$ cat final37.txt   # compact mmCIF, C-alpha atoms
# COMPACT_ATOMS: atom_id res chain seq x y z
CA MET A 1 -1.10 -10.83 -4.01
CA SER A 2 0.78 -11.73 -0.85
CA ILE A 3 2.29 -15.14 -1.40
CA PRO A 4 6.01 -15.95 -1.50
CA SER A 5 7.75 -15.18 -4.77
CA ALA A 6 8.31 -18.03 -7.21
CA VAL A 7 11.54 -16.45 -8.46
CA LYS A 8 14.53 -18.74 -8.05
CA SER A 9 16.91 -18.18 -5.14
CA THR A 10 19.74 -17.01 -7.38
CA PRO A 11 22.50 -15.23 -5.44
CA ILE A 12 22.78 -11.50 -6.15
CA GLY A 13 26.26 -10.71 -7.36
CA ASP A 14 25.86 -7.05 -8.24
CA ARG A 15 23.36 -4.23 -8.56
CA GLN A 16 23.00 -4.77 -12.31
CA GLN A 17 21.08 -8.00 -11.62
CA LEU A 18 18.41 -5.94 -9.88
CA VAL A 19 18.14 -3.62 -12.86
CA ASP A 20 18.07 -6.54 -15.28
CA TYR A 21 15.24 -8.13 -13.31
CA LEU A 22 13.01 -5.13 -14.02
CA ALA A 23 14.15 -4.97 -17.66
CA ALA A 24 13.21 -8.63 -18.10
CA GLY A 25 9.59 -7.52 -18.00
CA GLU A 26 9.87 -5.91 -21.43
CA LYS A 27 7.53 -7.50 -23.97
CA PRO A 28 6.78 -6.88 -27.64
CA ARG A 29 3.40 -5.25 -28.22
CA GLU A 30 1.77 -8.46 -29.36
CA ALA A 31 2.61 -10.05 -26.00
CA TRP A 32 1.09 -7.24 -23.87
CA ARG A 33 -1.51 -8.56 -21.47
CA ILE A 34 -3.98 -7.27 -18.87
CA GLY A 35 -3.91 -8.54 -15.29
CA THR A 36 -6.76 -7.32 -13.09
CA GLU A 37 -6.86 -7.70 -9.31
CA HIS A 38 -9.67 -6.88 -6.93
CA GLU A 39 -10.33 -7.25 -3.22
CA LYS A 40 -13.69 -7.53 -1.44
CA PHE A 41 -14.97 -7.56 2.13
CA GLY A 42 -16.61 -10.70 3.44
CA PHE A 43 -19.48 -10.45 5.90
CA LEU A 44 -21.79 -12.87 7.67
CA THR A 45 -25.26 -12.34 6.29
CA ASP A 46 -27.00 -12.55 9.67
CA ASP A 47 -24.97 -10.06 11.75
CA LEU A 48 -22.78 -8.40 9.05
CA ARG A 49 -19.56 -9.19 10.96
CA PRO A 50 -16.45 -10.13 8.98
CA PRO A 51 -15.82 -13.88 9.01
CA THR A 52 -12.88 -15.20 10.99
CA PHE A 53 -10.37 -17.60 9.49
CA GLU A 54 -11.40 -20.66 11.49
CA GLY A 55 -14.90 -21.86 12.31
CA GLU A 56 -17.79 -23.48 10.49
CA ARG A 57 -18.39 -20.27 8.51
CA GLY A 58 -14.78 -19.21 8.28
CA ILE A 59 -12.46 -18.22 5.46
CA ARG A 60 -10.57 -21.49 5.73
CA VAL A 61 -13.70 -23.47 4.89
CA LEU A 62 -14.43 -21.12 1.99
CA LEU A 63 -10.95 -21.62 0.49
CA GLU A 64 -10.99 -25.39 0.91
CA ARG A 65 -14.42 -25.73 -0.67
CA LEU A 66 -13.46 -23.48 -3.58
CA ALA A 67 -10.43 -25.67 -4.19
CA GLU A 68 -12.39 -28.89 -3.95
CA ARG A 69 -15.31 -27.86 -6.13
CA TYR A 70 -13.53 -25.80 -8.79
CA GLY A 71 -10.08 -27.35 -9.13
CA TRP A 72 -7.91 -24.72 -7.48
CA ASP A 73 -4.54 -25.76 -6.06
CA ILE A 74 -4.00 -24.78 -2.42
CA ALA A 75 -0.88 -22.95 -1.23
CA ARG A 76 -0.17 -23.37 2.47
CA GLU A 77 1.93 -21.94 5.25
CA GLY A 78 2.55 -25.06 7.28
CA ASP A 79 -0.87 -26.73 7.25
CA ILE A 80 -2.77 -23.45 6.86
CA PRO A 81 -4.35 -22.74 3.45
CA VAL A 82 -3.51 -19.14 2.52
CA ALA A 83 -3.99 -18.97 -1.26
CA LEU A 84 -5.38 -20.77 -4.30
CA SER A 85 -3.95 -20.95 -7.82
CA ARG A 86 -5.29 -22.10 -11.18
CA ASP A 87 -4.52 -21.24 -14.81
CA LYS A 88 -2.15 -18.35 -13.94
CA ALA A 89 -4.72 -16.77 -11.60
CA SER A 90 -4.75 -16.81 -7.81
CA VAL A 91 -7.11 -16.19 -4.91
CA THR A 92 -5.35 -14.74 -1.88
CA LEU A 93 -6.17 -13.30 1.52
CA GLU A 94 -5.61 -9.77 2.70
CA PRO A 95 -4.88 -9.30 6.41
CA ALA A 96 -8.49 -9.24 7.70
CA GLY A 97 -9.74 -11.86 5.29
CA GLN A 98 -10.54 -9.58 2.36
CA LEU A 99 -10.66 -12.00 -0.57
CA GLU A 100 -8.54 -11.06 -3.59
CA LEU A 101 -8.64 -12.37 -7.12
CA SER A 102 -5.35 -11.83 -8.94
CA GLY A 103 -6.44 -12.51 -12.47
CA ALA A 104 -4.54 -14.26 -15.21
CA PRO A 105 -2.76 -12.16 -17.87
CA LEU A 106 -5.44 -11.82 -20.55
CA GLU A 107 -5.54 -10.30 -24.03
CA ASN A 108 -8.61 -8.07 -23.73
CA ILE A 109 -11.12 -6.70 -21.26
CA HIS A 110 -13.95 -8.89 -22.55
CA GLU A 111 -11.89 -11.80 -21.20
CA THR A 112 -11.21 -9.91 -17.99
CA CYS A 113 -14.93 -9.39 -17.38
CA ARG A 114 -15.68 -13.05 -18.02
CA GLU A 115 -12.95 -13.99 -15.55
CA VAL A 116 -14.29 -11.66 -12.86
CA ASN A 117 -17.84 -12.86 -13.41
CA SER A 118 -16.80 -16.53 -13.24
CA HIS A 119 -14.84 -15.91 -10.05
CA LEU A 120 -17.72 -14.12 -8.33
CA LYS A 121 -20.11 -16.93 -9.30
CA GLU A 122 -17.74 -19.53 -7.87
CA VAL A 123 -17.29 -17.62 -4.64
CA ARG A 124 -21.00 -17.00 -4.24
CA SER A 125 -21.86 -20.66 -4.83
CA ILE A 126 -19.75 -21.54 -1.79
CA ALA A 127 -20.42 -18.44 0.29
CA ASP A 128 -24.20 -18.68 0.04
CA ASP A 129 -24.11 -22.10 1.74
CA LEU A 130 -21.99 -20.63 4.53
CA GLY A 131 -24.14 -17.53 5.02
CA ILE A 132 -21.34 -15.24 3.79
CA GLY A 133 -21.73 -12.27 1.49
CA PHE A 134 -19.14 -10.07 -0.21
CA LEU A 135 -19.09 -6.31 -0.64
CA GLY A 136 -17.04 -4.14 -2.97
CA MET A 137 -16.09 -0.78 -1.41
CA GLY A 138 -12.86 1.04 -0.65
CA PHE A 139 -13.13 1.01 3.15
CA GLN A 140 -14.97 -1.17 5.65
CA PRO A 141 -18.09 0.91 6.33
CA LYS A 142 -19.21 -0.48 9.69
CA TRP A 143 -16.70 -2.32 11.85
CA ARG A 144 -13.95 -0.77 13.95
CA ARG A 145 -10.32 -1.72 13.49
CA ASP A 146 -10.33 -3.72 16.75
CA GLU A 147 -13.35 -5.69 15.51
CA MET A 148 -11.58 -6.94 12.39
CA PRO A 149 -10.14 -10.48 12.37
CA TRP A 150 -6.55 -11.29 11.41
CA MET A 151 -5.53 -14.02 9.00
CA PRO A 152 -2.77 -16.40 10.21
CA LYS A 153 -0.09 -15.41 7.70
CA GLY A 154 3.50 -14.85 8.74
CA ARG A 155 3.94 -11.79 6.55
CA TYR A 156 0.96 -10.06 8.15
CA LYS A 157 2.13 -10.72 11.70
CA ILE A 158 5.38 -8.90 10.90
CA MET A 159 3.58 -5.98 9.24
CA ARG A 160 1.04 -5.75 12.05
CA GLU A 161 3.77 -5.22 14.61
CA TYR A 162 5.76 -2.79 12.43
CA MET A 163 3.01 -0.57 11.00
CA PRO A 164 2.24 1.46 14.17
CA LYS A 165 5.91 2.48 14.33
CA VAL A 166 5.79 4.35 11.01
CA GLY A 167 2.23 5.69 10.66
CA SER A 168 -1.13 5.89 12.42
CA LEU A 169 -3.31 4.32 9.70
CA GLY A 170 -1.23 1.35 8.53
CA LEU A 171 -3.36 -1.16 10.41
CA ASP A 172 -6.46 0.37 8.83
CA MET A 173 -4.84 -0.05 5.43
CA MET A 174 -4.25 -3.71 6.19
CA THR A 175 -7.59 -4.63 7.69
CA ARG A 176 -10.18 -2.18 6.40
CA THR A 177 -9.35 -1.29 2.77
CA CYS A 178 -10.10 -2.89 -0.58
CA THR A 179 -8.92 -1.88 -4.03
CA VAL A 180 -9.12 -2.80 -7.68
CA GLN A 181 -5.98 -2.50 -9.79
CA VAL A 182 -4.68 -3.45 -13.21
CA ASN A 183 -1.22 -4.63 -14.19
CA LEU A 184 0.05 -3.63 -17.63
CA ASP A 185 3.11 -4.32 -19.76
CA PHE A 186 5.73 -2.15 -21.43
CA GLU A 187 7.92 -2.70 -24.48
CA THR A 188 11.13 -0.85 -23.64
CA GLU A 189 12.57 1.24 -20.84
CA ALA A 190 11.46 4.40 -22.63
CA ASP A 191 7.95 2.98 -22.98
CA MET A 192 7.91 2.12 -19.27
CA VAL A 193 9.00 5.65 -18.35
CA ARG A 194 6.33 7.27 -20.50
CA LYS A 195 3.59 5.02 -19.11
CA PHE A 196 4.81 5.42 -15.53
CA ARG A 197 4.82 9.22 -15.73
CA THR A 198 1.46 9.45 -17.47
CA SER A 199 -0.33 7.01 -15.17
CA LEU A 200 1.21 8.46 -12.01
CA ALA A 201 0.07 11.98 -12.92
CA LEU A 202 -3.42 10.71 -13.74
CA GLN A 203 -3.77 8.33 -10.79
CA PRO A 204 -5.75 10.92 -8.76
CA ILE A 205 -8.30 10.99 -11.59
CA ALA A 206 -8.88 7.26 -11.13
CA THR A 207 -9.16 7.84 -7.37
CA ALA A 208 -11.85 10.46 -7.97
CA LEU A 209 -13.84 8.35 -10.44
CA PHE A 210 -13.76 5.26 -8.21
CA ALA A 211 -14.20 7.08 -4.87
CA ASP A 212 -16.30 4.73 -2.74
CA SER A 213 -15.23 4.85 0.90
CA PRO A 214 -17.24 7.55 2.69
CA PHE A 215 -17.95 5.68 5.95
CA THR A 216 -15.87 4.73 8.99
CA ASP A 217 -17.27 2.98 12.07
CA GLY A 218 -20.78 3.33 10.69
CA ARG A 219 -20.67 7.09 10.14
CA PRO A 220 -19.61 9.48 7.37
CA ASN A 221 -15.87 10.15 7.64
CA GLY A 222 -15.67 13.40 5.68
CA TYR A 223 -13.95 11.77 2.70
CA GLN A 224 -15.08 10.25 -0.56
CA SER A 225 -12.06 7.96 -0.81
CA PHE A 226 -10.94 7.38 2.73
CA ARG A 227 -8.99 4.38 1.41
CA SER A 228 -6.83 6.82 -0.52
CA GLN A 229 -6.45 9.06 2.51
CA VAL A 230 -5.30 6.11 4.62
CA TRP A 231 -2.23 5.73 2.43
CA THR A 232 -1.07 9.23 3.37
CA ASP A 233 -0.42 8.08 6.95
CA THR A 234 0.68 4.47 6.47
CA ASP A 235 4.44 4.61 5.89
CA PRO A 236 6.12 7.58 4.18
CA HIS A 237 9.12 5.45 3.15
CA ARG A 238 7.09 3.24 0.81
CA THR A 239 4.09 5.29 -0.40
CA GLY A 240 3.34 8.42 -2.38
CA MET A 241 3.69 10.10 -5.78
CA LEU A 242 7.40 9.39 -6.44
CA ASP A 243 8.55 12.79 -7.67
CA PHE A 244 11.77 11.29 -9.03
CA VAL A 245 9.77 9.52 -11.76
CA PHE A 246 9.34 12.89 -13.48
CA GLN A 247 13.01 13.85 -13.27
CA ASP A 248 15.41 13.61 -16.20
CA GLY A 249 17.21 10.29 -16.36
CA PHE A 250 14.50 8.23 -14.69
CA GLY A 251 14.55 4.55 -15.61
CA TYR A 252 15.09 1.10 -14.15
CA GLU A 253 18.24 2.13 -12.28
CA ARG A 254 16.58 5.00 -10.47
CA TYR A 255 13.68 2.79 -9.43
CA VAL A 256 16.16 0.24 -8.10
CA ASP A 257 17.73 3.00 -6.01
CA TYR A 258 14.30 3.82 -4.60
CA ILE A 259 13.49 0.22 -3.71
CA LEU A 260 16.90 -0.29 -2.11
CA ASP A 261 16.06 2.58 0.24
CA VAL A 262 12.69 1.08 1.24
CA PRO A 263 13.02 -0.55 4.68
CA MET A 264 12.52 -4.31 4.72
CA TYR A 265 9.67 -6.32 6.18
CA PHE A 266 10.90 -9.91 5.94
CA SER A 267 12.82 -12.65 4.19
CA TYR A 268 11.11 -15.93 3.36
CA GLN A 269 13.55 -18.64 4.41
CA ASP A 270 12.92 -22.38 4.56
CA GLY A 271 9.15 -22.03 4.49
CA ARG A 272 8.82 -19.30 7.10
CA TYR A 273 8.93 -15.53 7.29
CA ILE A 274 11.91 -14.02 9.12
CA ASP A 275 11.09 -10.68 10.75
CA LEU A 276 13.44 -8.07 9.28
CA ALA A 277 11.13 -5.08 9.67
CA GLY A 278 13.01 -1.82 9.31
CA ARG A 279 16.26 -3.45 8.18
CA ASP A 280 18.35 -2.15 5.27
CA PHE A 281 18.17 -4.28 2.11
CA LYS A 282 21.57 -2.97 1.05
CA ARG A 283 23.10 -4.57 4.14
CA PHE A 284 21.23 -7.76 3.28
CA LEU A 285 22.93 -7.70 -0.13
CA ARG A 286 26.28 -7.69 1.68
CA GLY A 287 25.31 -10.40 4.17
CA GLU A 288 25.53 -7.96 7.08
CA LEU A 289 22.14 -8.32 8.75
CA PRO A 290 22.55 -9.30 12.42
CA ASP A 291 19.32 -11.30 12.20
CA LEU A 292 20.74 -13.46 9.38
CA PRO A 293 24.51 -13.37 9.88
CA GLY A 294 26.38 -14.21 6.70
CA VAL A 295 23.17 -14.76 4.71
CA ARG A 296 23.06 -12.71 1.51
CA ALA A 297 19.95 -11.67 -0.37
CA THR A 298 18.86 -13.68 -3.41
CA MET A 299 16.77 -12.71 -6.42
CA LYS A 300 13.78 -14.25 -4.65
CA ASP A 301 14.35 -11.81 -1.80
CA TRP A 302 14.52 -8.97 -4.33
CA ALA A 303 11.26 -10.00 -5.98
CA ASP A 304 9.59 -10.18 -2.56
CA HIS A 305 11.05 -6.82 -1.50
CA LEU A 306 9.60 -5.15 -4.60
CA THR A 307 6.12 -6.07 -3.31
CA THR A 308 6.66 -4.16 -0.05
CA ALA A 309 6.64 -0.69 -1.63
CA PHE A 310 3.18 0.82 -2.11
CA PRO A 311 3.39 3.95 -4.30
CA GLU A 312 0.43 5.12 -6.38
CA VAL A 313 1.97 3.30 -9.37
CA ARG A 314 4.33 0.39 -8.73
CA LEU A 315 6.95 -1.13 -11.01
CA LYS A 316 7.76 -4.81 -10.89
CA GLN A 317 8.13 -6.61 -14.21
CA TYR A 318 5.01 -4.70 -15.20
CA LEU A 319 3.29 -1.51 -14.03
CA GLU A 320 0.54 -1.62 -11.41
CA MET A 321 -2.19 1.05 -11.27
CA ARG A 322 -3.02 1.35 -7.57
CA GLY A 323 -5.30 4.40 -7.17
CA ALA A 324 -8.86 3.01 -7.16
CA ASP A 325 -11.32 1.97 -4.46
CA GLY A 326 -12.92 -1.44 -4.72
CA GLY A 327 -16.44 -1.49 -6.11
CA PRO A 328 -19.18 -3.46 -7.88
CA TRP A 329 -18.72 -5.82 -10.81
CA ASN A 330 -19.03 -3.24 -13.57
CA ARG A 331 -16.35 -0.99 -12.07
CA LEU A 332 -14.01 -3.97 -11.76
CA CYS A 333 -14.14 -4.07 -15.56
CA ALA A 334 -14.03 -0.27 -15.92
CA LEU A 335 -10.66 0.13 -14.21
CA PRO A 336 -8.68 -1.96 -16.73
CA ALA A 337 -10.68 -0.34 -19.53
CA LEU A 338 -9.58 3.10 -18.36
CA TRP A 339 -5.88 2.29 -18.21
CA VAL A 340 -5.70 0.02 -21.25
CA GLY A 341 -7.40 2.73 -23.27
CA LEU A 342 -4.87 5.30 -22.10
CA LEU A 343 -1.66 3.24 -22.17
CA TYR A 344 -1.97 0.52 -24.82
CA ASP A 345 -2.69 2.80 -27.79
CA ASP A 346 0.10 5.13 -28.95
CA ASP A 347 -2.16 8.02 -29.91
CA ALA A 348 -4.03 7.82 -26.61
CA LEU A 349 -0.80 7.64 -24.62
CA GLY A 350 0.47 10.70 -26.44
CA ALA A 351 -2.76 12.60 -25.79
CA ALA A 352 -2.80 11.55 -22.14
CA TRP A 353 0.79 12.70 -21.67
CA ASP A 354 -0.03 16.01 -23.36
CA LEU A 355 -2.79 16.40 -20.79
CA VAL A 356 -0.43 16.12 -17.81
CA LYS A 357 3.11 16.86 -18.99
CA ASP A 358 3.10 20.46 -17.78
CA PHE A 359 1.66 19.66 -14.34
CA SER A 360 4.02 21.02 -11.72
CA ARG A 361 5.10 18.98 -8.74
CA GLU A 362 2.83 21.14 -6.59
CA GLU A 363 -0.15 20.51 -8.87
CA ARG A 364 0.41 16.75 -8.88
CA HIS A 365 0.50 16.75 -5.09
CA ALA A 366 -2.50 19.05 -4.84
CA LEU A 367 -4.48 16.53 -6.89
CA ARG A 368 -3.27 13.61 -4.82
CA ASP A 369 -3.95 15.37 -1.53
CA GLY A 370 -7.28 16.94 -2.45
CA VAL A 371 -9.06 14.16 -4.33
CA PRO A 372 -9.69 11.86 -1.33
CA LYS A 373 -11.97 14.50 0.18
CA HIS A 374 -13.37 16.37 -2.82
CA ALA A 375 -13.06 13.86 -5.71
CA LEU A 376 -14.58 15.23 -8.94
CA LYS A 377 -15.40 18.58 -7.35
CA LEU A 378 -11.81 19.43 -6.43
CA PRO A 379 -10.88 22.77 -8.08
CA PHE A 380 -8.02 22.50 -10.57
CA ARG A 381 -6.71 25.12 -12.99
CA GLY A 382 -9.87 27.18 -12.95
CA HIS A 383 -12.16 24.18 -13.43
CA ALA A 384 -12.87 21.02 -11.43
CA VAL A 385 -11.36 17.56 -11.58
CA ARG A 386 -14.59 16.49 -13.25
CA GLU A 387 -13.48 18.26 -16.46
CA LEU A 388 -10.09 16.58 -16.32
CA ALA A 389 -11.79 13.22 -15.76
CA ALA A 390 -14.11 13.78 -18.72
CA GLU A 391 -11.15 14.51 -21.02
CA THR A 392 -9.27 11.49 -19.68
CA LEU A 393 -12.24 9.22 -20.39
CA LYS A 394 -12.58 10.65 -23.89
CA ILE A 395 -8.94 9.79 -24.62
CA ALA A 396 -9.35 6.30 -23.14
CA ALA A 397 -12.48 5.63 -25.20
CA HIS A 398 -10.71 6.57 -28.43
CA GLY A 399 -7.79 4.33 -27.47
CA LEU A 400 -10.08 1.37 -26.87
CA LYS A 401 -11.94 1.94 -30.13
CA ARG A 402 -8.65 1.99 -32.04
CA ARG A 403 -7.63 -1.27 -30.32
CA ALA A 404 -10.79 -2.76 -31.84
CA ARG A 405 -10.98 -5.82 -29.60
CA LEU A 406 -14.56 -6.92 -30.26
CA ASN A 407 -16.89 -9.24 -28.38
CA GLY A 408 -19.34 -11.65 -30.01
CA ASN A 409 -21.81 -8.83 -30.54
CA GLY A 410 -19.28 -6.64 -32.31
CA ALA A 411 -18.79 -4.21 -29.40
CA ASP A 412 -15.32 -2.94 -28.58
CA GLU A 413 -13.84 -2.54 -25.09
CA SER A 414 -15.04 1.04 -24.70
CA ILE A 415 -18.40 -0.34 -23.48
CA PHE A 416 -16.71 -0.97 -20.14
CA LEU A 417 -16.19 2.77 -19.60
CA GLU A 418 -19.95 3.36 -19.34
CA PRO A 419 -20.10 3.32 -15.51
CA LEU A 420 -17.38 5.97 -15.37
CA LEU A 421 -19.03 8.13 -18.03
CA GLU A 422 -22.26 7.99 -16.01
CA ILE A 423 -20.39 9.12 -12.87
CA VAL A 424 -18.91 12.11 -14.71
CA GLU A 425 -22.21 12.99 -16.39
CA ALA A 426 -24.05 12.96 -13.05
CA ASN A 427 -21.13 14.66 -11.28
CA GLN A 428 -21.77 12.24 -8.44
CA THR A 429 -19.23 9.69 -7.23
CA PRO A 430 -20.23 6.31 -5.80
CA ALA A 431 -19.36 7.74 -2.38
CA GLU A 432 -21.71 10.69 -2.85
CA ARG A 433 -24.49 8.34 -3.92
CA LYS A 434 -24.08 6.28 -0.76
CA LEU A 435 -24.00 9.39 1.41
CA GLU A 436 -27.26 10.49 -0.23
CA LEU A 437 -28.81 7.13 0.67
CA PHE A 438 -27.37 7.26 4.20
CA ASN A 439 -28.97 10.65 4.79
CA GLY A 440 -32.21 9.59 3.12
CA ALA A 441 -33.62 6.12 2.58
CA TRP A 442 -31.15 4.41 4.94
CA ASN A 443 -32.11 6.66 7.87
CA GLY A 444 -28.56 7.18 9.08
CA SER A 445 -27.50 3.53 8.97
CA VAL A 446 -24.78 1.88 6.88
CA ASP A 447 -26.28 -1.59 7.32
CA PRO A 448 -28.31 -1.44 4.07
CA VAL A 449 -25.06 -1.16 2.07
CA PHE A 450 -24.37 -4.84 2.78
CA ARG A 451 -27.68 -5.79 1.18
CA GLU A 452 -28.01 -3.29 -1.64
CA PHE A 453 -24.37 -3.32 -2.85
CA ALA A 454 -23.26 -6.90 -2.20
CA TYR A 455 -22.00 -8.97 -5.12
$ encode --input "final37.txt" --output "structure tokens"
Amino acid sequence: MSIPSAVKSTPIGDRQQLVDYLAAGEKPREAWRIGTEHEKFGFLTDDLRPPTFEGERGIRVLLERLAERYGWDIAREGDIPVALSRDKASVTLEPAGQLELSGAPLENIHETCREVNSHLKEVRSIADDLGIGFLGMGFQPKWRRDEMPWMPKGRYKIMREYMPKVGSLGLDMMTRTCTVQVNLDFETEADMVRKFRTSLALQPIATALFADSPFTDGRPNGYQSFRSQVWTDTDPHRTGMLDFVFQDGFGYERYVDYILDVPMYFSYQDGRYIDLAGRDFKRFLRGELPDLPGVRATMKDWADHLTTAFPEVRLKQYLEMRGADGGPWNRLCALPALWVGLLYDDDALGAAWDLVKDFSREERHALRDGVPKHALKLPFRGHAVRELAAETLKIAAHGLKRRARLNGNGADESIFLEPLLEIVEANQTPAERKLELFNGAWNGSVDPVFREFAY
């Protein structure tokens, strides 16, 4: 979600405030919630092009009609609508108009699935009248980077100018990728550390299971999750596997050190974004930025700055699982099911940690680097990632069954793992399925994906 932080502009007096901000996310088990976010590509149903912001069939009209018909509040930059909010959920825009639902913090995945379904129905009721469809994949399959529109948001203008200075694929990340992620709570610092380490080591498994970005510019790109590959050449200062998380002594303070070393993008001052790309946040703390002479960072600036790091797992006042490609409705429910099953049950968390605790740094990186291309078929420890994924899903399923959150039919949350179990059983990722269609029934065209896999 890319809207200005609602944290108060409290002056930062010392480094401990930054640590305390992260610690303030601690919650007792009964208060743990599930926040699911997903992005999707819009396309015009007649020519498949992404909709622009303005125009009779533009994103602006879509947002305004959603707000009017379904009671969303509009957030604006100046007079430009850039986000919607309602009942602790929000609808926001990614740089090329990818539409994101940032869901409310909910108690179980049955609620999450109802929320996603309701959102997609609302969007479709407006989009159908405009001749707009939406597609869930990890990477834009057809249109070139220079054919993608840009949304009129101040934050994105700054990032657009800065990205090419630090990597060759940052603009692709901004305009041509979509993801699904889940945000989960922790009880104590020790609980956060255990969950961070376990989920970071297993994040490549999620990437493999959800791999769904095999096309670029209308042709196969040689990857199964090109979205994941894009992150390897976006900005080395704010991405990656965070080896320090596995070192002795890791906790809130070490993560603060990491974030303080991440170069800045901006500060949101008086309703506008100030371009501070590449600046040192530590100098901002001291009021030494030449762009803002004498102005010292506030807690709002800190909360905003935390959102500008993009590791595979991100810590704010909760943990964000960031490894999965966007996809269809049932996989939007499967992603939170996977991680809730692994991290919200003590026995499952212990079993998941046992699975990965002896991975070496080199093995963790080999998984991260190899999965975008090979996914489930990547060799690992004499087997393939498929076997590791199968064991991970088994642990998650047991965790969800022990949680025993039942729907009206008496089914627990493990039902939402079914799409992932089918992928492992078939040993065929969503990307491989689409490549099979591309080379067969689609006759070498990606255009059918917009019809056959649209929401």
$ closest_residue --input "final37.txt" --among "A:His305, A:Lys195, A:His110, A:Arg57" --to "Ala127 (chain A)" --atoms "all atoms listed in the file"
A:Arg57
$ residues_around --input "final37.txt" --residues "Gly287 (chain A)" --least-positions-apart "5" --cutoff "6 Å" --atoms "only C-alpha atoms" --output "count of residues only"
3
$ residues_near_point --input "final37.txt" --point "(-6.9, 16.6, -16.4)" --cutoff "8 Å" --atoms "only C-alpha atoms" --output "ChimeraX atom specification"
/A:202,205,355-356,385,387-389,391-392
$ closest_residue --input "final37.txt" --among "A:Phe284, A:Phe266, A:Trp72, A:Trp150" --to "Leu93 (chain A)" --atoms "all atoms listed in the file"
A:Trp150
$ residues_around --input "final37.txt" --residues "Ala297 (chain A)" --least-positions-apart "6" --cutoff "12 Å" --atoms "all atoms listed in the file" --output "PyMOL selection string"
chain A and resi 8-15+17-18+260+264+266-269+280-289+303-305
$ atom_distance --input "final37.txt" --atom1 "CA of Val446 (chain A)" --atom2 "CA of Gln203 (chain A)"
28.2 Å
$ atom_distance --input "final37.txt" --atom1 "CA of Gly323 (chain A)" --atom2 "CA of Trp339 (chain A)"
11.3 Å
$ residues_around --input "final37.txt" --residues "region 128-136 of chain A" --least-positions-apart "5" --cutoff "7 Å" --atoms "all atoms listed in the file" --output "VMD selection string"
chain A and resid 40 to 45 57 326 to 328 450 453 to 455
$ build_atoms --input "final37.txt" --residues "region 178-191 of chain A" --atoms "N, CA and C atoms" --output "PDB file, in the coordinates of the input"
ATOM      1  N   CYS A 178     -10.040  -2.016   0.598  1.00  0.00           N
ATOM      2  CA  CYS A 178     -10.100  -2.890  -0.580  1.00  0.00           C
ATOM      3  C   CYS A 178      -9.888  -2.035  -1.824  1.00  0.00           C
ATOM      4  N   THR A 179      -9.226  -2.612  -2.812  1.00  0.00           N
ATOM      5  CA  THR A 179      -8.920  -1.880  -4.030  1.00  0.00           C
ATOM      6  C   THR A 179      -9.190  -2.757  -5.252  1.00  0.00           C
ATOM      7  N   VAL A 180      -9.199  -2.120  -6.400  1.00  0.00           N
ATOM      8  CA  VAL A 180      -9.120  -2.800  -7.680  1.00  0.00           C
ATOM      9  C   VAL A 180      -7.945  -2.190  -8.420  1.00  0.00           C
ATOM     10  N   GLN A 181      -7.120  -3.016  -9.048  1.00  0.00           N
ATOM     11  CA  GLN A 181      -5.980  -2.500  -9.790  1.00  0.00           C
ATOM     12  C   GLN A 181      -5.787  -3.311 -11.053  1.00  0.00           C
ATOM     13  N   VAL A 182      -4.997  -2.739 -11.968  1.00  0.00           N
ATOM     14  CA  VAL A 182      -4.680  -3.450 -13.210  1.00  0.00           C
ATOM     15  C   VAL A 182      -3.177  -3.395 -13.422  1.00  0.00           C
ATOM     16  N   ASN A 183      -2.646  -4.482 -13.919  1.00  0.00           N
ATOM     17  CA  ASN A 183      -1.220  -4.630 -14.190  1.00  0.00           C
ATOM     18  C   ASN A 183      -1.010  -4.672 -15.695  1.00  0.00           C
ATOM     19  N   LEU A 184      -0.121  -3.800 -16.188  1.00  0.00           N
ATOM     20  CA  LEU A 184       0.050  -3.630 -17.630  1.00  0.00           C
ATOM     21  C   LEU A 184       1.524  -3.702 -18.023  1.00  0.00           C
ATOM     22  N   ASP A 185       1.767  -4.076 -19.261  1.00  0.00           N
ATOM     23  CA  ASP A 185       3.110  -4.320 -19.760  1.00  0.00           C
ATOM     24  C   ASP A 185       3.707  -3.088 -20.432  1.00  0.00           C
ATOM     25  N   PHE A 186       4.998  -3.185 -20.693  1.00  0.00           N
ATOM     26  CA  PHE A 186       5.730  -2.150 -21.430  1.00  0.00           C
ATOM     27  C   PHE A 186       6.705  -2.834 -22.375  1.00  0.00           C
ATOM     28  N   GLU A 187       7.099  -2.108 -23.426  1.00  0.00           N
ATOM     29  CA  GLU A 187       7.920  -2.700 -24.480  1.00  0.00           C
ATOM     30  C   GLU A 187       9.401  -2.447 -24.267  1.00  0.00           C
ATOM     31  N   THR A 188       9.737  -1.257 -23.821  1.00  0.00           N
ATOM     32  CA  THR A 188      11.130  -0.850 -23.640  1.00  0.00           C
ATOM     33  C   THR A 188      11.213  -0.010 -22.369  1.00  0.00           C
ATOM     34  N   GLU A 189      12.418   0.361 -21.988  1.00  0.00           N
ATOM     35  CA  GLU A 189      12.570   1.240 -20.840  1.00  0.00           C
ATOM     36  C   GLU A 189      11.910   2.591 -21.102  1.00  0.00           C
ATOM     37  N   ALA A 190      12.086   3.117 -22.296  1.00  0.00           N
ATOM     38  CA  ALA A 190      11.460   4.400 -22.630  1.00  0.00           C
ATOM     39  C   ALA A 190       9.947   4.307 -22.573  1.00  0.00           C
ATOM     40  N   ASP A 191       9.391   3.200 -23.034  1.00  0.00           N
ATOM     41  CA  ASP A 191       7.950   2.980 -22.980  1.00  0.00           C
ATOM     42  C   ASP A 191       7.485   2.903 -21.528  1.00  0.00           C
TER      43      ASP A 191
END
